[in-house]
Amino acid sequence: MIHLVNLGYLAAAVLFILGIKGLTTPKTAVRGNKMSAAGMLLAVVIALLDKNVVTYEYIILGLAIGAIIGAIVAKKIAMTDMPELVATLNGIGGGASLAVAAANYLEMQVSPGFTVTYDWSVALILSILIGAVTLTGSLIAVGKLKGKIGDAAQVGLYKAIVKLCFLVLIAGAIYFVTSDTPLDSNALILGLIVVCLILGVSLVMPIGGADMPVVVALLNSYSGLAGAATGFVLGNNGLIITGSLVGASGIILTSIMCKAMNRSLTNVLFGGSMAAQAGISRDENDAFYEGKVKFSSADELAMLLDGAQKVVFVPGYGLAVAQAQHATRELANMLEEKGAEVKYAIHPVAGRMPGHMNVLLAEAEVPYDQLVEMDTINPEFSQTDVAIVLGANDVVNPSAAEDPNSPIFGMPILEVHNARTVVVVKRGLSPGFAGIPNELFIRDNSLMVAGDAKKVLQETIAALKDL
Amino acid sequence: MEMFIMSLSIFVLAVFVGVEIINKVPPTLHTPLMSGTNAISGIVVVGAIISSGGSDHTTVLSTILGVIAVSLATINIVAGFMVTDRMLSMFKKK
């Protein structure tokens with residue numbers, strides 16, 4: 001029977017792997033997701049058949065509560081709020097691992113035949129550590145994403161708390177190793193949970209709000225590792241395989257985001273917020289642009305687009321803030337009807353989390369084959385007639401490629417400045433997250449249309465109709 | 001200890017499998033990948049079910065924790081898979 005159970009978990013894990021494999025192309029992705037869901041159903045059924053499960057009412061209660069809340073959230077959530085949802089789910093995953101580990105610890109105390117071993121204890125401690133840090137860290141990340149928790153002023157204080165937590169953990173570890181009995185004290189476990197919960201808060205608090213995409217990806221990884229640690233506690237290979245898949249996924253996304261921001265993970269985690277490091281005053285910013293920016297209008301943009309053969313849209317998060325995705329798509333449709341080639345250039349940090357901008361544009365019914373990633377689109381800019389930058393700033397700053405003294409030098413950018421004409425649609429000349437002025441805006445081939453992206457696009461569409 | 005080494009081997013090999021396939025996921029689908037892995041990490045529901053299923057070696061507190069864990073993991077599973085499906089069905093080719 002036990003072999004059959006383990007084979008069942010193995011089958012579930014295989015279904016998860018095939019499910020993720022389905023995500024390698026948009027065409028197979030929906031089916032892949034369903035395969036993963038089937039794997040989960042299989043795992044739940046096997047768990048219900050476990051010989052240790054004798055009463056079902058509590059399980060059904062838990063499943064019902066979770067299913068109702070989950071379904072409502074999944075139906076109601078706006079696509080712009082995906083980073084908050086994923087961050088919340090990371091935290092919930094961590095919390096679930098924490099609760100399972102704690103419950104397992106309590107059961108161990110009343111199981112007569114159970115001998116506590118060191119590897120079981122280590123797995124339990126890791127499960128609690130990662131689960132608790134993920135839980136509170138994610139909650140802080142959600143607050144920061146929502147803008148409810150600002151960038152902390154007392155960065156030093158939180159760093160001191162982090163150090164203190166680590167000291168306590170190390171002291172606890174030494175006590176644990178040197179004491180005769182491997183982990184049987186309630187006070188020790190309770191203390192561990194409290195310290196780890198505080199650690200989660202203090203680790204995320206000093207990180208700037210603009211760096212949250214990296215933090216969310218990292219916590220995504222932790223939530224998987226917490227699950228894997230729970231697998232070690234329970235001796236369940238299905239959990240270990242699945243947890244490590246999620247752990248690997250989060251780590252890869254974290255490193256992609258760090259590369260796209262040209263920062264190391266340590267710099268993101270311990271370097272404080274980016275705007276606090278660089279940043280120029282308002283006067284300096286105004287002086288930089290003074291008289292050098294060529295302002296244009298929606299009518300002129302329409303005339304420019306009328307003759308264009310190839311147009312590339314460069315969306316930034318400002319586009320989503322202005323809710324201009326549908327207007328963009330409408331304009332793109334018109335241009336295509338006129339025979340122009342239209343593409344969208346997507347920088348890895350264009351949205352608020354990895355791949356976020358793609359989802360927002362897909363929601364506006366932009367076909368996914370028009371969404372082109374940075375490395376593919378960059379060589380094409382030199383053959384582009386008009387590049388339209390919508391609510392993006394730092395990711396199109398040529399200084400990152402050309403000026404070694406720039407604080408963002410080395411950051412990979414979309415090379416829109418190589419296009420014949422660059423039209424920047426922006427509300428004002430305020431700096432982006434990096435806090436530096438953008439040389440692109442004063443280049444000879446740049447035009448600026450000041451205003452809200454949605455309004456400007458609608459005016460352009462109207463002007464194009466009149467032509 | 002033998003059991004532990006066995007589990008550790010599985011863990012390390014699974015990480016490599018994970019890195020291999022996830023590197024092939026295009027950036028376009030990174031958000032659904034994250035919400036999808038959220039759902040998959042709900043697999044701890046397995047441990048939670050066994051903890052809240054009762055039998056002679058559970059306590060009141062462990063049962064309560066078990067129910068909390070089942071609820072939390074189920075939120076992850078249901079919300080994760082449903083929202084991923086919602087996103088993926090928006091991706092259309094021309």
# chains A, B, ... in the order shown; residues from 1 in each chain; ligands from 1
call {"tool": "select_by_dssp", "arguments": {"residues": "region 193-427 of chain A", "states": "helix (DSSP H, G or I)", "output": "CSV table (one decimal) with N, CA and C atoms, in the first residue's frame"}}
result
chain,number,residue,atom,x,y,z
A,193,ILE,N,9.8,30.3,16.1
A,193,ILE,CA,8.8,30.8,15.2
A,193,ILE,C,8.7,32.3,15.3
A,194,VAL,N,8.7,32.8,16.5
A,194,VAL,CA,8.6,34.3,16.7
A,194,VAL,C,9.8,35.0,16.1
A,195,VAL,N,11.0,34.5,16.3
A,195,VAL,CA,12.2,35.1,15.8
A,195,VAL,C,12.1,35.1,14.2
A,196,CYS,N,11.7,34.0,13.6
A,196,CYS,CA,11.6,33.9,12.2
A,196,CYS,C,10.5,34.9,11.6
A,197,LEU,N,9.4,35.0,12.3
A,197,LEU,CA,8.4,36.0,11.9
A,197,LEU,C,9.0,37.4,11.9
A,198,ILE,N,9.7,37.8,12.9
A,198,ILE,CA,10.3,39.1,13.0
A,198,ILE,C,11.3,39.3,11.9
A,199,LEU,N,12.1,38.2,11.7
A,199,LEU,CA,13.1,38.2,10.6
A,199,LEU,C,12.5,38.5,9.2
A,200,GLY,N,11.4,37.9,9.0
A,200,GLY,CA,10.7,38.1,7.7
A,200,GLY,C,10.4,39.6,7.5
A,201,VAL,N,9.8,40.2,8.5
A,201,VAL,CA,9.5,41.6,8.4
A,201,VAL,C,10.7,42.5,8.2
A,202,SER,N,11.7,42.2,9.0
A,202,SER,CA,12.9,43.1,9.0
A,202,SER,C,13.7,42.9,7.7
A,203,LEU,N,13.6,41.8,7.1
A,203,LEU,CA,14.4,41.6,5.9
A,203,LEU,C,13.8,42.4,4.7
A,204,VAL,N,12.5,42.5,4.7
A,204,VAL,CA,11.8,43.1,3.5
A,204,VAL,C,11.6,44.6,3.7
A,209,GLY,N,10.4,50.1,-2.6
A,209,GLY,CA,9.2,49.7,-3.2
A,209,GLY,C,9.5,49.3,-4.7
A,210,ALA,N,10.4,50.0,-5.4
A,210,ALA,CA,10.7,49.7,-6.8
A,210,ALA,C,11.4,48.4,-7.0
A,211,ASP,N,12.0,47.8,-5.9
A,211,ASP,CA,12.6,46.5,-6.0
A,211,ASP,C,11.7,45.4,-5.7
A,212,MET,N,10.5,45.6,-5.4
A,212,MET,CA,9.6,44.6,-5.0
A,212,MET,C,9.4,43.4,-6.0
A,213,PRO,N,9.5,43.7,-7.3
A,213,PRO,CA,9.4,42.5,-8.2
A,213,PRO,C,10.5,41.5,-7.9
A,214,VAL,N,11.7,41.9,-7.6
A,214,VAL,CA,12.7,40.9,-7.3
A,214,VAL,C,12.4,40.2,-6.0
A,215,VAL,N,11.9,41.0,-5.0
A,215,VAL,CA,11.6,40.3,-3.7
A,215,VAL,C,10.4,39.3,-3.9
A,216,VAL,N,9.4,39.7,-4.7
A,216,VAL,CA,8.3,38.8,-4.9
A,216,VAL,C,8.8,37.5,-5.6
A,217,ALA,N,9.7,37.6,-6.6
A,217,ALA,CA,10.2,36.4,-7.2
A,217,ALA,C,11.0,35.6,-6.2
A,218,LEU,N,11.8,36.2,-5.4
A,218,LEU,CA,12.6,35.5,-4.4
A,218,LEU,C,11.7,34.8,-3.4
A,219,LEU,N,10.7,35.5,-2.9
A,219,LEU,CA,9.7,34.8,-1.9
A,219,LEU,C,9.0,33.7,-2.6
A,220,ASN,N,8.7,33.8,-3.9
A,220,ASN,CA,8.1,32.7,-4.7
A,220,ASN,C,9.0,31.5,-4.5
A,221,SER,N,10.3,31.7,-4.7
A,221,SER,CA,11.2,30.6,-4.5
A,221,SER,C,11.2,30.0,-3.1
A,222,TYR,N,11.2,30.9,-2.1
A,222,TYR,CA,11.1,30.5,-0.7
A,222,TYR,C,9.9,29.6,-0.4
A,223,SER,N,8.8,30.0,-1.0
A,223,SER,CA,7.5,29.3,-0.7
A,223,SER,C,7.7,27.9,-1.2
A,224,GLY,N,8.4,27.7,-2.3
A,224,GLY,CA,8.6,26.3,-2.8
A,224,GLY,C,9.6,25.6,-1.9
A,225,LEU,N,10.7,26.3,-1.5
A,225,LEU,CA,11.6,25.6,-0.6
A,225,LEU,C,11.0,25.2,0.7
A,226,ALA,N,10.1,26.1,1.2
A,226,ALA,CA,9.4,25.7,2.5
A,226,ALA,C,8.6,24.4,2.3
A,227,GLY,N,8.0,24.3,1.1
A,227,GLY,CA,7.3,23.1,0.8
A,227,GLY,C,8.2,21.9,0.8
A,228,ALA,N,9.4,22.1,0.2
A,228,ALA,CA,10.4,21.0,0.1
A,228,ALA,C,10.8,20.6,1.5
A,229,ALA,N,11.0,21.6,2.3
A,229,ALA,CA,11.5,21.3,3.7
A,229,ALA,C,10.4,20.5,4.4
A,230,THR,N,9.1,20.9,4.2
A,230,THR,CA,8.0,20.1,4.8
A,230,THR,C,8.1,18.6,4.3
A,231,GLY,N,8.4,18.5,3.0
A,231,GLY,CA,8.6,17.1,2.4
A,231,GLY,C,9.6,16.3,3.2
A,232,PHE,N,10.7,17.0,3.6
A,232,PHE,CA,11.8,16.3,4.4
A,232,PHE,C,11.2,15.9,5.7
A,233,VAL,N,10.4,16.8,6.4
A,233,VAL,CA,9.8,16.5,7.7
A,233,VAL,C,8.9,15.3,7.6
A,234,LEU,N,8.1,15.2,6.5
A,234,LEU,CA,7.1,14.1,6.4
A,234,LEU,C,7.7,12.9,5.7
A,237,ASN,N,8.4,12.3,-0.8
A,237,ASN,CA,9.1,12.7,-2.0
A,237,ASN,C,8.3,13.5,-3.0
A,238,GLY,N,7.0,13.3,-3.0
A,238,GLY,CA,6.2,14.2,-3.9
A,238,GLY,C,6.4,15.7,-3.5
A,239,LEU,N,6.3,15.9,-2.2
A,239,LEU,CA,6.5,17.3,-1.7
A,239,LEU,C,7.9,17.8,-2.1
A,240,ILE,N,8.9,17.0,-1.9
A,240,ILE,CA,10.3,17.4,-2.1
A,240,ILE,C,10.5,17.8,-3.6
A,241,ILE,N,10.0,16.9,-4.5
A,241,ILE,CA,10.2,17.2,-5.9
A,241,ILE,C,9.4,18.5,-6.3
A,242,THR,N,8.2,18.6,-5.9
A,242,THR,CA,7.4,19.8,-6.2
A,242,THR,C,7.9,21.1,-5.7
A,243,GLY,N,8.3,21.0,-4.4
A,243,GLY,CA,8.9,22.2,-3.7
A,243,GLY,C,10.2,22.7,-4.4
A,244,SER,N,11.0,21.7,-4.9
A,244,SER,CA,12.2,22.1,-5.5
A,244,SER,C,12.0,22.7,-6.9
A,245,LEU,N,10.9,22.2,-7.6
A,245,LEU,CA,10.6,22.9,-8.9
A,245,LEU,C,10.2,24.3,-8.7
A,246,VAL,N,9.4,24.6,-7.7
A,246,VAL,CA,9.0,26.0,-7.4
A,246,VAL,C,10.2,26.8,-6.9
A,247,GLY,N,11.0,26.2,-6.1
A,247,GLY,CA,12.2,26.9,-5.6
A,247,GLY,C,13.1,27.3,-6.8
A,248,ALA,N,13.3,26.4,-7.8
A,248,ALA,CA,14.1,26.7,-8.9
A,248,ALA,C,13.5,27.8,-9.8
A,249,SER,N,12.2,27.7,-10.0
A,249,SER,CA,11.5,28.7,-10.8
A,249,SER,C,11.7,30.1,-10.2
A,250,GLY,N,11.5,30.2,-8.9
A,250,GLY,CA,11.6,31.5,-8.2
A,250,GLY,C,13.0,32.1,-8.4
A,251,ILE,N,14.0,31.2,-8.2
A,251,ILE,CA,15.4,31.7,-8.2
A,251,ILE,C,15.8,32.2,-9.6
A,252,ILE,N,15.3,31.4,-10.7
A,252,ILE,CA,15.6,31.8,-12.0
A,252,ILE,C,15.0,33.2,-12.3
A,253,LEU,N,13.7,33.4,-11.9
A,253,LEU,CA,13.0,34.7,-12.2
A,253,LEU,C,13.8,35.8,-11.4
A,254,THR,N,14.2,35.5,-10.2
A,254,THR,CA,14.9,36.5,-9.4
A,254,THR,C,16.2,36.9,-10.2
A,255,SER,N,16.9,36.0,-10.7
A,255,SER,CA,18.2,36.3,-11.4
A,255,SER,C,17.9,37.1,-12.7
A,256,ILE,N,16.8,36.7,-13.4
A,256,ILE,CA,16.4,37.5,-14.6
A,256,ILE,C,16.1,38.9,-14.3
A,257,MET,N,15.3,39.1,-13.2
A,257,MET,CA,15.0,40.5,-12.8
A,257,MET,C,16.2,41.3,-12.4
A,258,CYS,N,17.1,40.7,-11.6
A,258,CYS,CA,18.3,41.4,-11.2
A,258,CYS,C,19.1,41.8,-12.4
A,259,LYS,N,19.3,40.9,-13.4
A,259,LYS,CA,20.1,41.2,-14.6
A,259,LYS,C,19.4,42.4,-15.3
A,260,ALA,N,18.1,42.3,-15.4
A,260,ALA,CA,17.4,43.4,-16.2
A,260,ALA,C,17.6,44.7,-15.5
A,265,LEU,N,21.8,40.6,-6.5
A,265,LEU,CA,20.8,40.3,-5.5
A,265,LEU,C,21.1,40.9,-4.2
A,266,THR,N,22.4,40.8,-3.8
A,266,THR,CA,22.8,41.3,-2.5
A,266,THR,C,22.6,42.8,-2.5
A,267,ASN,N,22.8,43.5,-3.6
A,267,ASN,CA,22.6,44.9,-3.6
A,267,ASN,C,21.1,45.3,-3.5
A,268,VAL,N,20.2,44.5,-4.1
A,268,VAL,CA,18.8,44.7,-4.0
A,268,VAL,C,18.4,44.5,-2.5
A,269,LEU,N,18.9,43.4,-1.9
A,269,LEU,CA,18.4,43.0,-0.6
A,269,LEU,C,19.0,43.9,0.5
A,270,PHE,N,20.2,44.3,0.4
A,270,PHE,CA,20.8,45.0,1.5
A,270,PHE,C,21.3,46.4,1.1
A,274,MET,N,16.9,52.4,-4.4
A,274,MET,CA,17.7,52.9,-5.4
A,274,MET,C,17.6,54.4,-5.5
A,275,ALA,N,16.4,54.9,-5.4
A,275,ALA,CA,16.2,56.4,-5.6
A,275,ALA,C,17.0,57.2,-4.5
A,276,ALA,N,17.2,56.5,-3.4
A,276,ALA,CA,18.0,57.2,-2.3
A,276,ALA,C,19.5,57.4,-2.7
A,277,GLN,N,20.0,56.5,-3.5
A,277,GLN,CA,21.4,56.5,-3.9
A,277,GLN,C,21.7,57.6,-4.9
A,282,ARG,N,15.0,68.8,-8.3
A,282,ARG,CA,14.1,69.3,-9.3
A,282,ARG,C,14.7,70.3,-10.3
A,283,ASP,N,15.5,71.2,-9.7
A,283,ASP,CA,16.2,72.3,-10.5
A,283,ASP,C,17.1,71.7,-11.5
A,284,GLU,N,17.9,70.8,-11.0
A,284,GLU,CA,18.9,70.1,-11.9
A,284,GLU,C,18.2,69.4,-13.0
A,285,ASN,N,17.1,68.8,-12.7
A,285,ASN,CA,16.3,68.1,-13.7
A,285,ASN,C,15.7,69.1,-14.7
A,286,ASP,N,15.2,70.2,-14.3
A,286,ASP,CA,14.7,71.2,-15.2
A,286,ASP,C,15.8,71.8,-16.1
A,287,ALA,N,16.9,72.0,-15.5
A,287,ALA,CA,18.1,72.6,-16.2
A,287,ALA,C,18.5,71.7,-17.3
A,288,PHE,N,18.5,70.4,-17.0
A,288,PHE,CA,18.9,69.4,-18.0
A,288,PHE,C,18.1,69.4,-19.3
A,289,TYR,N,16.8,69.6,-19.1
A,289,TYR,CA,15.9,69.6,-20.2
A,289,TYR,C,15.6,70.9,-20.9
A,298,ALA,N,-0.6,65.4,-30.7
A,298,ALA,CA,-1.3,64.2,-31.2
A,298,ALA,C,-1.5,64.3,-32.7
A,299,ASP,N,-1.8,65.5,-33.2
A,299,ASP,CA,-2.0,65.6,-34.6
A,299,ASP,C,-0.8,65.3,-35.4
A,300,GLU,N,0.4,65.9,-34.9
A,300,GLU,CA,1.6,65.6,-35.6
A,300,GLU,C,2.0,64.1,-35.5
A,301,LEU,N,1.7,63.5,-34.4
A,301,LEU,CA,2.0,62.1,-34.2
A,301,LEU,C,1.2,61.3,-35.2
A,302,ALA,N,-0.1,61.7,-35.4
A,302,ALA,CA,-0.9,61.0,-36.4
A,302,ALA,C,-0.3,61.1,-37.8
A,303,MET,N,0.1,62.3,-38.2
A,303,MET,CA,0.7,62.5,-39.5
A,303,MET,C,2.0,61.6,-39.7
A,304,LEU,N,2.8,61.6,-38.6
A,304,LEU,CA,4.0,60.8,-38.6
A,304,LEU,C,3.7,59.3,-38.9
A,305,LEU,N,2.6,58.8,-38.1
A,305,LEU,CA,2.3,57.4,-38.2
A,305,LEU,C,1.7,57.1,-39.5
A,306,ASP,N,1.0,58.0,-40.2
A,306,ASP,CA,0.3,57.8,-41.4
A,306,ASP,C,1.3,57.3,-42.5
A,317,TYR,N,5.2,50.7,-17.2
A,317,TYR,CA,4.0,50.6,-16.3
A,317,TYR,C,3.1,51.8,-16.3
A,318,GLY,N,3.6,52.9,-16.7
A,318,GLY,CA,2.8,54.1,-16.8
A,318,GLY,C,1.6,53.9,-17.7
A,319,LEU,N,1.8,53.1,-18.7
A,319,LEU,CA,0.7,52.7,-19.6
A,319,LEU,C,-0.4,52.1,-18.9
A,320,ALA,N,-0.1,51.1,-18.0
A,320,ALA,CA,-1.1,50.4,-17.3
A,320,ALA,C,-1.8,51.4,-16.3
A,321,VAL,N,-1.0,52.3,-15.7
A,321,VAL,CA,-1.5,53.2,-14.7
A,321,VAL,C,-2.6,54.1,-15.4
A,325,GLN,N,-4.1,50.5,-22.3
A,325,GLN,CA,-3.8,49.3,-23.1
A,325,GLN,C,-4.7,49.2,-24.3
A,326,HIS,N,-6.0,49.4,-24.1
A,326,HIS,CA,-7.0,49.2,-25.1
A,326,HIS,C,-6.8,50.3,-26.2
A,327,ALA,N,-6.5,51.5,-25.8
A,327,ALA,CA,-6.3,52.6,-26.8
A,327,ALA,C,-5.1,52.3,-27.7
A,328,THR,N,-4.1,51.7,-27.0
A,328,THR,CA,-2.9,51.3,-27.8
A,328,THR,C,-3.2,50.3,-28.8
A,329,ARG,N,-4.0,49.3,-28.4
A,329,ARG,CA,-4.3,48.2,-29.3
A,329,ARG,C,-5.2,48.7,-30.5
A,330,GLU,N,-6.1,49.7,-30.2
A,330,GLU,CA,-6.9,50.3,-31.2
A,330,GLU,C,-6.1,51.0,-32.2
A,331,LEU,N,-5.1,51.8,-31.7
A,331,LEU,CA,-4.2,52.5,-32.7
A,331,LEU,C,-3.4,51.5,-33.5
A,332,ALA,N,-2.9,50.5,-32.8
A,332,ALA,CA,-2.1,49.4,-33.5
A,332,ALA,C,-3.0,48.8,-34.7
A,333,ASN,N,-4.2,48.5,-34.4
A,333,ASN,CA,-5.1,48.0,-35.4
A,333,ASN,C,-5.2,48.9,-36.6
A,334,MET,N,-5.4,50.2,-36.3
A,334,MET,CA,-5.6,51.1,-37.4
A,334,MET,C,-4.3,51.2,-38.3
A,335,LEU,N,-3.2,51.1,-37.6
A,335,LEU,CA,-1.9,51.2,-38.4
A,335,LEU,C,-1.7,49.9,-39.2
A,336,GLU,N,-2.1,48.8,-38.7
A,336,GLU,CA,-2.0,47.6,-39.4
A,336,GLU,C,-2.9,47.6,-40.7
A,337,GLU,N,-4.1,48.1,-40.5
A,337,GLU,CA,-5.0,48.2,-41.6
A,337,GLU,C,-4.4,49.1,-42.7
A,356,HIS,N,4.7,40.8,-16.4
A,356,HIS,CA,3.4,41.4,-16.1
A,356,HIS,C,2.9,42.2,-17.3
A,357,MET,N,3.8,43.0,-18.0
A,357,MET,CA,3.3,43.8,-19.1
A,357,MET,C,2.6,42.9,-20.2
A,358,ASN,N,3.2,41.7,-20.4
A,358,ASN,CA,2.6,40.8,-21.4
A,358,ASN,C,1.2,40.4,-21.1
A,359,VAL,N,1.0,40.2,-19.8
A,359,VAL,CA,-0.4,39.8,-19.4
A,359,VAL,C,-1.3,41.0,-19.6
A,360,LEU,N,-0.9,42.2,-19.2
A,360,LEU,CA,-1.7,43.4,-19.4
A,360,LEU,C,-2.1,43.6,-20.8
A,361,LEU,N,-1.1,43.4,-21.7
A,361,LEU,CA,-1.4,43.6,-23.1
A,361,LEU,C,-2.3,42.5,-23.7
A,362,ALA,N,-2.0,41.2,-23.2
A,362,ALA,CA,-2.8,40.1,-23.7
A,362,ALA,C,-4.3,40.4,-23.3
A,363,GLU,N,-4.5,40.9,-22.1
A,363,GLU,CA,-5.8,41.2,-21.6
A,363,GLU,C,-6.5,42.2,-22.6
A,368,TYR,N,-0.1,37.6,-28.9
A,368,TYR,CA,1.2,37.4,-28.2
A,368,TYR,C,2.4,37.4,-29.2
A,369,ASP,N,2.1,37.1,-30.5
A,369,ASP,CA,3.3,37.0,-31.4
A,369,ASP,C,3.8,38.4,-31.7
A,370,GLN,N,3.0,39.5,-31.3
A,370,GLN,CA,3.5,40.8,-31.5
A,370,GLN,C,4.3,41.3,-30.3
A,374,MET,N,13.3,42.0,-25.4
A,374,MET,CA,14.3,43.0,-25.6
A,374,MET,C,15.4,42.6,-26.6
A,375,ASP,N,16.0,41.4,-26.4
A,375,ASP,CA,17.2,41.0,-27.2
A,375,ASP,C,16.8,40.8,-28.7
A,376,THR,N,15.5,40.4,-28.9
A,376,THR,CA,15.0,40.2,-30.3
A,376,THR,C,14.7,41.5,-31.0
A,377,ILE,N,14.2,42.5,-30.2
A,377,ILE,CA,13.7,43.7,-30.9
A,377,ILE,C,14.8,44.7,-31.0
A,378,ASN,N,15.8,44.7,-30.2
A,378,ASN,CA,16.9,45.7,-30.3
A,378,ASN,C,17.5,45.9,-31.6
A,379,PRO,N,17.9,44.8,-32.3
A,379,PRO,CA,18.5,45.0,-33.7
A,379,PRO,C,17.5,45.5,-34.7
A,380,GLU,N,16.2,45.5,-34.4
A,380,GLU,CA,15.2,45.9,-35.3
A,380,GLU,C,14.9,47.4,-35.3
A,381,PHE,N,15.4,48.1,-34.2
A,381,PHE,CA,15.0,49.5,-34.0
A,381,PHE,C,15.6,50.3,-35.2
A,382,SER,N,16.7,49.9,-35.7
A,382,SER,CA,17.3,50.8,-36.8
A,382,SER,C,16.5,50.7,-38.1
A,383,GLN,N,15.6,49.7,-38.2
A,383,GLN,CA,14.7,49.7,-39.4
A,383,GLN,C,13.3,50.2,-39.0
A,394,ASP,N,13.4,54.9,-17.5
A,394,ASP,CA,14.7,54.4,-17.3
A,394,ASP,C,15.1,53.3,-18.3
A,395,VAL,N,14.2,52.4,-18.7
A,395,VAL,CA,14.5,51.3,-19.6
A,395,VAL,C,14.8,51.7,-21.0
A,396,VAL,N,14.6,53.0,-21.4
A,396,VAL,CA,14.9,53.5,-22.7
A,396,VAL,C,16.0,54.6,-22.6
A,399,SER,N,21.8,56.6,-21.9
A,399,SER,CA,23.0,56.7,-21.0
A,399,SER,C,23.4,55.3,-20.4
A,400,ALA,N,22.5,54.5,-20.2
A,400,ALA,CA,22.8,53.1,-19.7
A,400,ALA,C,23.7,52.4,-20.6
A,401,ALA,N,23.7,52.7,-21.9
A,401,ALA,CA,24.6,52.0,-22.9
A,401,ALA,C,25.8,52.8,-23.2
A,402,GLU,N,25.7,54.1,-23.1
A,402,GLU,CA,26.8,55.0,-23.6
A,402,GLU,C,27.6,55.8,-22.6
A,416,VAL,N,15.6,52.3,-28.3
A,416,VAL,CA,14.7,53.0,-29.2
A,416,VAL,C,15.4,54.2,-29.8
A,417,HIS,N,16.5,54.7,-29.3
A,417,HIS,CA,17.1,55.9,-29.8
A,417,HIS,C,17.7,55.6,-31.2
A,418,ASN,N,17.7,54.3,-31.6
A,418,ASN,CA,18.2,53.9,-33.0
A,418,ASN,C,17.0,54.1,-34.0
call {"tool": "residues_around", "arguments": {"residues": "region 88-92 of chain B", "least_positions_apart": "3", "cutoff": "10 Å", "atoms": "only C-alpha atoms", "output": "tab-separated table (two decimals) with N, CA and C atoms, in the first residue's frame"}}
result
chain	number	residue	atom	x	y	z
A	23	LEU	N	4.09	25.24	-20.27
A	23	LEU	CA	4.21	26.70	-20.24
A	23	LEU	C	5.33	27.23	-21.14
A	26	PRO	N	2.95	29.60	-25.50
A	26	PRO	CA	1.59	30.03	-25.15
A	26	PRO	C	0.52	29.07	-25.67
A	27	LYS	N	0.84	28.34	-26.76
A	27	LYS	CA	-0.15	27.47	-27.37
A	27	LYS	C	-0.49	26.30	-26.46
A	28	THR	N	0.53	25.74	-25.79
A	28	THR	CA	0.30	24.55	-24.97
A	28	THR	C	0.07	24.90	-23.50
A	29	ALA	N	0.12	26.20	-23.19
A	29	ALA	CA	0.14	26.60	-21.78
A	29	ALA	C	-1.15	26.26	-21.04
A	30	VAL	N	-2.30	26.49	-21.68
A	30	VAL	CA	-3.58	26.24	-21.00
A	30	VAL	C	-3.68	24.76	-20.64
A	31	ARG	N	-3.28	23.89	-21.59
A	31	ARG	CA	-3.33	22.45	-21.32
A	31	ARG	C	-2.35	22.08	-20.22
A	33	ASN	N	-1.35	23.89	-17.72
A	33	ASN	CA	-1.92	24.29	-16.43
A	33	ASN	C	-2.94	23.26	-15.95
A	358	ASN	N	3.19	41.70	-20.44
A	358	ASN	CA	2.63	40.80	-21.44
A	358	ASN	C	1.20	40.42	-21.10
A	359	VAL	N	0.95	40.16	-19.82
A	359	VAL	CA	-0.40	39.80	-19.39
A	359	VAL	C	-1.34	40.97	-19.59
A	360	LEU	N	-0.88	42.19	-19.23
A	360	LEU	CA	-1.74	43.37	-19.36
A	360	LEU	C	-2.09	43.61	-20.82
A	361	LEU	N	-1.13	43.40	-21.73
A	361	LEU	CA	-1.41	43.61	-23.15
A	361	LEU	C	-2.27	42.48	-23.71
A	362	ALA	N	-2.03	41.25	-23.23
A	362	ALA	CA	-2.85	40.13	-23.67
A	362	ALA	C	-4.30	40.35	-23.27
A	363	GLU	N	-4.48	40.94	-22.08
A	363	GLU	CA	-5.83	41.24	-21.61
A	363	GLU	C	-6.52	42.22	-22.57
A	364	ALA	N	-5.72	43.14	-23.15
A	364	ALA	CA	-6.26	44.11	-24.11
A	364	ALA	C	-6.31	43.52	-25.51
A	365	GLU	N	-6.20	42.19	-25.60
A	365	GLU	CA	-6.32	41.44	-26.85
A	365	GLU	C	-5.21	41.73	-27.86
A	366	VAL	N	-4.05	42.09	-27.36
A	366	VAL	CA	-2.89	42.18	-28.25
A	366	VAL	C	-2.39	40.75	-28.49
A	367	PRO	N	-2.25	40.33	-29.77
A	367	PRO	CA	-1.79	38.96	-30.02
A	367	PRO	C	-0.37	38.76	-29.50
A	368	TYR	N	-0.12	37.58	-28.89
A	368	TYR	CA	1.17	37.40	-28.22
A	368	TYR	C	2.35	37.36	-29.18
A	369	ASP	N	2.11	37.05	-30.46
A	369	ASP	CA	3.25	37.02	-31.38
A	369	ASP	C	3.77	38.42	-31.72
B	28	THR	N	7.30	36.05	-21.87
B	28	THR	CA	5.89	36.36	-22.04
B	28	THR	C	5.04	35.67	-20.98
B	29	LEU	N	5.46	34.47	-20.59
B	29	LEU	CA	4.61	33.68	-19.69
B	29	LEU	C	5.15	33.65	-18.26
B	31	THR	N	4.62	35.70	-15.71
B	31	THR	CA	3.61	35.93	-14.65
B	31	THR	C	2.73	34.69	-14.44
B	32	PRO	N	2.19	34.08	-15.53
B	32	PRO	CA	1.45	32.82	-15.31
B	32	PRO	C	2.34	31.74	-14.68
B	33	LEU	N	3.62	31.74	-15.00
B	33	LEU	CA	4.52	30.76	-14.39
B	33	LEU	C	4.54	30.96	-12.87
B	82	MET	N	-6.80	28.75	-10.94
B	82	MET	CA	-7.86	29.48	-11.64
B	82	MET	C	-7.34	30.78	-12.27
B	83	VAL	N	-6.52	31.52	-11.53
B	83	VAL	CA	-6.06	32.80	-12.08
B	83	VAL	C	-5.05	32.54	-13.22
B	84	THR	N	-4.29	31.46	-13.12
B	84	THR	CA	-3.37	31.12	-14.20
B	84	THR	C	-4.16	30.78	-15.46
B	85	ASP	N	-5.21	30.00	-15.27
B	85	ASP	CA	-6.06	29.65	-16.42
B	85	ASP	C	-6.66	30.91	-17.04
